[in-house]
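Engineer: My questions all concern the structure below.
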Amino acid sequence: MDTAVQQHAGRLVAALKDHAARKGWTEAETARQFGVTLPRGRELLRDQIDRFQLDELVSMAASAGLRVELRILGQGDG
C-alpha cells in the first residue's frame, strides 16, 4: 500500500474505532454496524490497517452513518 494511502487508511481506522468506542459497541456490534463479519471487525479493532483497502473503510463508515470527506490541496494550500 502506498504511504499516503496507508496514512489515510490509518486515520480512517482510528476514526472508526473512536466512533465504536463512543457508542460503547461490543466487537459483534461494531462488526454489524460497519457491515462486516466479526473477524473483519476484530481486525479493525486490532489496528490491522494493512488488511483493509481504503474504499472498504469508507464503505464501513457509510454503513454506520458516518460521512467521509476527501480534500485535494495543491502545493502551498496548507
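Chain labels A, B, ... are given in the sequence in which chains occur in the C-alpha cells; within each chain residues are numbered consecutively from 1, and ligands are likewise numbered from 1 in the order shown.
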Skip range 53-59 of chain A itself and residues of its chain fewer than 5 positions away, then list as a CSV table (one decimal) with N, CA and C atoms, in the first residue's frame all residues within 7 Å of it, counting only C-alpha atoms.

Structural biologist:
chain,number,residue,atom,x,y,z
A,9,ALA,N,-5.7,5.6,5.4
A,9,ALA,CA,-6.4,4.4,6.0
A,9,ALA,C,-6.2,4.4,7.5
A,12,LEU,N,-8.6,6.8,9.0
A,12,LEU,CA,-10.0,6.3,9.0
A,12,LEU,C,-10.2,5.2,10.0
A,68,VAL,N,-17.5,10.5,5.0
A,68,VAL,CA,-16.1,10.7,4.8
A,68,VAL,C,-15.9,11.8,3.7

Engineer: If you count only C-alpha atoms, which residues fall within 10 Å of His19 in chain A, apart from same-chain ones fewer than 6 positions away, as JSON, numbers by chain?

Structural biologist: {"A": [13, 25, 30, 61, 64, 66]}

Engineer: If we count only C-alpha atoms, what is near Ala28 in chain A at a cut-off of 9 Å, once residues fewer than 6 positions away on the same chain are taken out, given as a list in words?

Structural biologist: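 Residues meeting the cut-off are Thr37, Leu38, Gly41 and Arg42 of chain A.
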
Engineer: Take the residues that were just selected and, keeping C-alpha atoms, output them as a PDB file, in the first residue's frame.

Structural biologist:
ATOM      1  CA  THR A  37     -18.064 -10.063   9.577  1.00  0.00           C
ATOM      2  CA  LEU A  38     -16.939 -10.425  13.172  1.00  0.00           C
ATOM      3  CA  GLY A  41     -14.434  -6.150  12.779  1.00  0.00           C
ATOM      4  CA  ARG A  42     -11.797  -7.613  15.069  1.00  0.00           C
TER       5      ARG A  42
END

Engineer: Taking only C-alpha atoms into account, name the residue in A:Val5, A:Leu44, A:Ala15, A:Val36 that is nearest to Ser63 in chain A.

Structural biologist: A:Val36

Engineer: Could you find all residues in chain A that DSSP calls alpha helix (DSSP H) from the backbone, and write them as a PyMOL selection string?

Structural biologist: chain A and resi 3-23+27-34+38-45+54-63

Engineer: Report, in Å to a single decimal, how far apart CA of Lys17 in chain A and CA of Gln33 in chain A are.

Structural biologist: 11.8 Å

Engineer: Please indicate the distance in Å from CA of Ile49 in chain A to CA of Gly76 in chain A, rounded to one decimal place.

Structural biologist: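 Distance reported for this atom pair: 29.6 Å.
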
Engineer: Work out how far apart CA of Asp47 in chain A and CA of Gly10 in chain A are and give it in Å to one decimal.

Structural biologist: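 Rounded to one decimal, the two atoms are 8.1 Å apart.
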